[in-house]
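J.: Starting off with a structure, shown below.
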Amino acid sequence: MSDIPTRTIRFIASEDGKTYYGAPVQTGDLGLLYHSGTKLSARVLSGSPLSPSTKLTSRILSVKKLLSPLAPAEIQTIRGMGAQYAADKSAVPKPKFFNLFYKPLNTIAGPEDPIVIPQAAVGWDNDYEVELCVVLGKEGKDIPVEKALEHVFGYCVVNDVTSRGLAGITGRAIQGNQWGQAKSADSWCPLGPVLVSAKEINDPQKLALKTTVNGALKQSSNTSEMLLSVAELISMMSAGTTLEKGSIILTGSPLPLKSVVNDTNRWLVHGDEVRCEVEGLGTLINKIVEERGPRKSKL
C-alpha cells in the first residue's frame with residue numbers, strides 16, 4: 001500500500017453516515033480527544049488498511065462515531081495469552097508453553113462502547129485487563145522468532161474483559177473452570193482507539209501500560225515485564241498452526257497493584273468507567289453496563 005498512514009481509525013462519518021477507514025488529522029491521544037467531545041476528522045482510505053491495494057485519498061471527513069480500528073469481519077481469529085506477567089519476572093523461568101485461549105468475534109467493541117455484563121455474569125467478579133494488542137498483516141506458519149515481528153501490521157490497546165468468578169480464578173468456579181465462558185460475552189474485547197503502524201513502534205517491549213477505574217489506578221506496568229516477548233509469542237503460536245493475516249493477539253495483562261489484590265470491592269460494577277492506556281497507542285475508554293431485568297440463575 002502506498003502512503004501507509006502511521007495511524008488508522010475506523011469511523012462513521014458525519015457527512016453521510018457511512019463507515020470508513022482513515023488517517024486521523026488530529027494528533028495526540030485520540031481516545032482522550034474523542035471522550036472530551038473534540039471534533040475529529042480523517043483522510044479517507046480507499047479500503048481496508050490490510051489490503052495492499054488500499055490508498056490514502058485526499059478526501060477528509062468528520063468523525064461522528066469512532067469504531068474499533070478493525071471491523072470484526074476482517075479479524076480472522078482472536079488469540080489471547082494468559083499468565084504473562086509475574087510479581088518478580090527475574091524469579092520466574094521463561095515459560096516453555098504458552099497459556100492460550102480464544103475469544104469469539106462477538107466480543108469486539110470500540111471506544112466509548114458500553115462493556116455489557118450479562119445477567120448470568122453479574123456478581124461473578126468481573127475484571128479489567130489492559131493489554132498490548134498485536135494485529136498481524138502477514139500470514140505465517142512455523143515462524144522463527146527473529147522473523148516474527150515482520151508479520152506484525154500494527155498495534156492497538158485492548159481490554160480483555162474477564163469474569164474471574166466464572167474462570168475459577170477467585171475460587172468461585174461453577175461447572176468447572178469456564179475460561180471460554182469467562183471471556184466470551186458480547187463487547188468483552190474492546191479495541192482502540194487507533195491502529196498504530198508497527199513502523200512507529202520501535203520496540204514493543206518498551207511500552208508503559210496502565211488501567212484506571214473511576215480515576216483510581218488499578219494496573220501499572222511495562223511490556224518489558226512480559227514473560228514471553230511479542231516475537232516469542234508469535235513464533236510459539238505459529239508452531240504447526242497458520243496465523244492468518246488480520247488475526248489479533250492479546251499479549252497478556254499485568255497483575256493488579258498490590259493495593260488492589262485484596263480489595264473485595266475491586267470488581268467492575270454498573271456505571272464504572274474503565275480507562276486502558278498503552279504508551280504511544282492512546283487511551284481506550286469504556287463504561288460498564290449491567291443488564292437489568294429479572295435476575296436469572298447464574299451459569
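Chains: A, B, ... in order of the C-alpha cells. Residues: from 1 per chain. Ligands: from 1, in order shown.
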If you run DSSP on the backbone, which residues of segment 77-298 of chain A are strand (DSSP E or B), as a PyMOL selection string?
T.: chain A and resi 78-82+99-103+108-109+115-117+126-127+130-136+140+152-159+162-163+189-197+208-213+216-222+243+248-250+273-278+282-290
J.: Compile the contact shell of Cys133 of chain A as a list in words: residues with an atom at most 6 Å away, counting only C-alpha atoms, same-chain residues fewer than 5 positions apart removed.
T.: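 So, after excluding close chain neighbours, the residues are Tyr155, Cys156, Val157, Val158, Ile249 and Leu250 of chain A.
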J.: With all heavy atoms retained, write the just-selected residues as a PDB file, in the first residue's frame.
T.:
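Final file, result.pdb:
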```pdb
ATOM      1  N   TYR A 155      -0.317  -2.122  16.070  1.00  0.00           N
ATOM      2  CA  TYR A 155      -0.683  -2.359  17.461  1.00  0.00           C
ATOM      3  C   TYR A 155      -1.822  -1.436  17.878  1.00  0.00           C
ATOM      4  O   TYR A 155      -1.984  -0.340  17.343  1.00  0.00           O
ATOM      5  CB  TYR A 155       0.516  -2.094  18.383  1.00  0.00           C
ATOM      6  CG  TYR A 155       1.757  -2.883  18.062  1.00  0.00           C
ATOM      7  CD1 TYR A 155       2.745  -2.371  17.217  1.00  0.00           C
ATOM      8  CD2 TYR A 155       1.965  -4.143  18.616  1.00  0.00           C
ATOM      9  CE1 TYR A 155       3.899  -3.083  16.926  1.00  0.00           C
ATOM     10  CE2 TYR A 155       3.118  -4.875  18.330  1.00  0.00           C
ATOM     11  CZ  TYR A 155       4.087  -4.334  17.487  1.00  0.00           C
ATOM     12  OH  TYR A 155       5.226  -5.049  17.204  1.00  0.00           O
ATOM     13  N   CYS A 156      -2.593  -1.874  18.860  1.00  0.00           N
ATOM     14  CA  CYS A 156      -3.601  -1.018  19.471  1.00  0.00           C
ATOM     15  C   CYS A 156      -3.792  -1.450  20.915  1.00  0.00           C
ATOM     16  O   CYS A 156      -3.154  -2.401  21.391  1.00  0.00           O
ATOM     17  CB  CYS A 156      -4.916  -1.050  18.696  1.00  0.00           C
ATOM     18  SG  CYS A 156      -5.775  -2.637  18.692  1.00  0.00           S
ATOM     19  N   VAL A 157      -4.667  -0.763  21.618  1.00  0.00           N
ATOM     20  CA  VAL A 157      -4.981  -1.097  23.011  1.00  0.00           C
ATOM     21  C   VAL A 157      -6.168  -2.052  23.030  1.00  0.00           C
ATOM     22  O   VAL A 157      -7.090  -1.932  22.223  1.00  0.00           O
ATOM     23  CB  VAL A 157      -5.332   0.179  23.817  1.00  0.00           C
ATOM     24  CG1 VAL A 157      -5.542  -0.162  25.291  1.00  0.00           C
ATOM     25  CG2 VAL A 157      -4.256   1.241  23.653  1.00  0.00           C
ATOM     26  N   VAL A 158      -6.150  -2.993  23.966  1.00  0.00           N
ATOM     27  CA  VAL A 158      -7.290  -3.886  24.144  1.00  0.00           C
ATOM     28  C   VAL A 158      -7.562  -4.056  25.633  1.00  0.00           C
ATOM     29  O   VAL A 158      -6.639  -4.016  26.458  1.00  0.00           O
ATOM     30  CB  VAL A 158      -7.053  -5.274  23.489  1.00  0.00           C
ATOM     31  CG1 VAL A 158      -5.882  -5.990  24.134  1.00  0.00           C
ATOM     32  CG2 VAL A 158      -8.312  -6.137  23.567  1.00  0.00           C
ATOM     33  N   ILE A 249      -3.651 -10.716  18.394  1.00  0.00           N
ATOM     34  CA  ILE A 249      -3.117 -11.425  19.548  1.00  0.00           C
ATOM     35  C   ILE A 249      -3.169 -10.496  20.755  1.00  0.00           C
ATOM     36  O   ILE A 249      -2.638  -9.382  20.727  1.00  0.00           O
ATOM     37  CB  ILE A 249      -1.666 -11.881  19.301  1.00  0.00           C
ATOM     38  CG1 ILE A 249      -1.613 -12.878  18.134  1.00  0.00           C
ATOM     39  CG2 ILE A 249      -1.084 -12.515  20.563  1.00  0.00           C
ATOM     40  CD1 ILE A 249      -0.198 -13.264  17.725  1.00  0.00           C
ATOM     41  N   LEU A 250      -3.827 -10.963  21.819  1.00  0.00           N
ATOM     42  CA  LEU A 250      -3.847 -10.244  23.085  1.00  0.00           C
ATOM     43  C   LEU A 250      -2.668 -10.774  23.896  1.00  0.00           C
ATOM     44  O   LEU A 250      -2.613 -11.959  24.226  1.00  0.00           O
ATOM     45  CB  LEU A 250      -5.161 -10.483  23.827  1.00  0.00           C
ATOM     46  CG  LEU A 250      -6.452 -10.471  22.987  1.00  0.00           C
ATOM     47  CD1 LEU A 250      -7.668 -10.579  23.901  1.00  0.00           C
ATOM     48  CD2 LEU A 250      -6.540  -9.219  22.132  1.00  0.00           C
TER      49      LEU A 250
END
```
J.: Counting only C-alpha atoms, figure out which residue out of A:Arg79, A:Ile108, A:Gln205, A:Arg59 gets nearest to Leu228 of chain A.
T.: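 Of A:Arg79, A:Ile108, A:Gln205, A:Arg59, the one nearest Leu228 of chain A is A:Gln205, counting only C-alpha atoms.
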J.: What's around Gly252 of chain A at 9 Å? Count only C-alpha atoms, leave out sequence neighbours fewer than 6 positions away in its own chain, and write the answer as a list in words.
T.: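 Residues meeting the cut-off are Gly80, Met81, Gly82, Ala83, Gln84, Tyr85, Glu129, Val130, Glu131, Leu132, Cys133, Asp160 and Met226 of chain A.
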J.: Taking the backbone alone, and naming residues the way the document does, which bits of segment 135-283 of chain A are alpha helix (DSSP H) by DSSP, as a PyMOL selection string?
T.: chain A and resi 145-148+164-167+179-183+230-237+258-261
J.: With N, CA and C atoms retained, could you export that selection as a compact mmCIF listing (two decimals), in the first residue's frame?
T.:
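Output file result-v1.txt follows:
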```txt
# COMPACT_ATOMS: atom_id res chain seq x y z
N VAL A 145 11.52 -16.86 15.62
CA VAL A 145 11.44 -15.68 16.49
C VAL A 145 12.02 -14.45 15.81
N GLU A 146 13.16 -14.63 15.16
CA GLU A 146 13.85 -13.49 14.55
C GLU A 146 13.08 -12.90 13.36
N LYS A 147 12.10 -13.62 12.84
CA LYS A 147 11.30 -13.13 11.72
C LYS A 147 9.89 -12.73 12.15
N ALA A 148 9.55 -12.95 13.40
CA ALA A 148 8.17 -12.82 13.85
C ALA A 148 7.62 -11.40 13.71
N ARG A 164 -13.60 -13.28 36.56
CA ARG A 164 -12.71 -14.11 37.37
C ARG A 164 -13.49 -15.24 38.05
N GLY A 165 -14.72 -14.96 38.43
CA GLY A 165 -15.52 -15.97 39.09
C GLY A 165 -15.81 -17.14 38.18
N LEU A 166 -16.24 -16.86 36.96
CA LEU A 166 -16.55 -17.94 36.01
C LEU A 166 -15.28 -18.67 35.58
N ALA A 167 -14.15 -17.98 35.59
CA ALA A 167 -12.89 -18.62 35.21
C ALA A 167 -12.32 -19.48 36.33
N TRP A 179 -13.05 -20.90 31.38
CA TRP A 179 -12.25 -19.85 30.77
C TRP A 179 -12.92 -19.29 29.51
N GLY A 180 -13.45 -20.18 28.67
CA GLY A 180 -14.12 -19.71 27.46
C GLY A 180 -15.32 -18.84 27.80
N GLN A 181 -16.17 -19.33 28.69
CA GLN A 181 -17.36 -18.58 29.10
C GLN A 181 -16.96 -17.27 29.77
N ALA A 182 -15.86 -17.30 30.50
CA ALA A 182 -15.45 -16.14 31.30
C ALA A 182 -14.92 -14.99 30.47
N LYS A 183 -14.67 -15.22 29.18
CA LYS A 183 -14.08 -14.19 28.34
C LYS A 183 -14.88 -13.92 27.06
N VAL A 230 6.66 -10.32 22.38
CA VAL A 230 5.72 -10.39 21.25
C VAL A 230 6.26 -11.35 20.18
N ALA A 231 7.54 -11.23 19.87
CA ALA A 231 8.14 -12.10 18.85
C ALA A 231 8.08 -13.57 19.27
N GLU A 232 8.35 -13.85 20.55
CA GLU A 232 8.30 -15.23 21.03
C GLU A 232 6.88 -15.77 21.01
N LEU A 233 5.91 -14.92 21.36
CA LEU A 233 4.51 -15.35 21.32
C LEU A 233 4.10 -15.75 19.91
N ILE A 234 4.42 -14.89 18.94
CA ILE A 234 4.05 -15.16 17.55
C ILE A 234 4.69 -16.46 17.08
N SER A 235 5.96 -16.64 17.40
CA SER A 235 6.67 -17.84 16.98
C SER A 235 6.06 -19.09 17.60
N MET A 236 5.77 -19.05 18.89
CA MET A 236 5.21 -20.22 19.57
C MET A 236 3.79 -20.52 19.09
N MET A 237 2.98 -19.48 18.89
CA MET A 237 1.61 -19.70 18.43
C MET A 237 1.55 -20.23 17.01
N LYS A 258 -0.66 -4.06 44.18
CA LYS A 258 -0.77 -4.78 45.45
C LYS A 258 -1.93 -4.25 46.28
N SER A 259 -2.16 -2.94 46.19
CA SER A 259 -3.24 -2.34 46.97
C SER A 259 -4.62 -2.78 46.50
N VAL A 260 -4.68 -3.35 45.29
CA VAL A 260 -5.95 -3.75 44.69
C VAL A 260 -6.27 -5.22 44.94
N VAL A 261 -5.22 -6.05 45.06
CA VAL A 261 -5.39 -7.51 45.09
C VAL A 261 -6.40 -7.97 46.13
```
J.: As a list in words, please: the residues near Glu277 of chain A (cut-off 6 Å, only C-alpha atoms, same-chain neighbours under 6 positions excluded).
T.: Leu209, Lys210 and Thr283 of chain A
J.: Name the closest residue to Asn106 of chain A among the candidates A:Thr77, A:Asn286, A:Thr38, A:Thr242; distances are taken between atoms, counting only C-alpha atoms.
T.: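 Of all the options, A:Thr77 lies closest to Asn106 of chain A.
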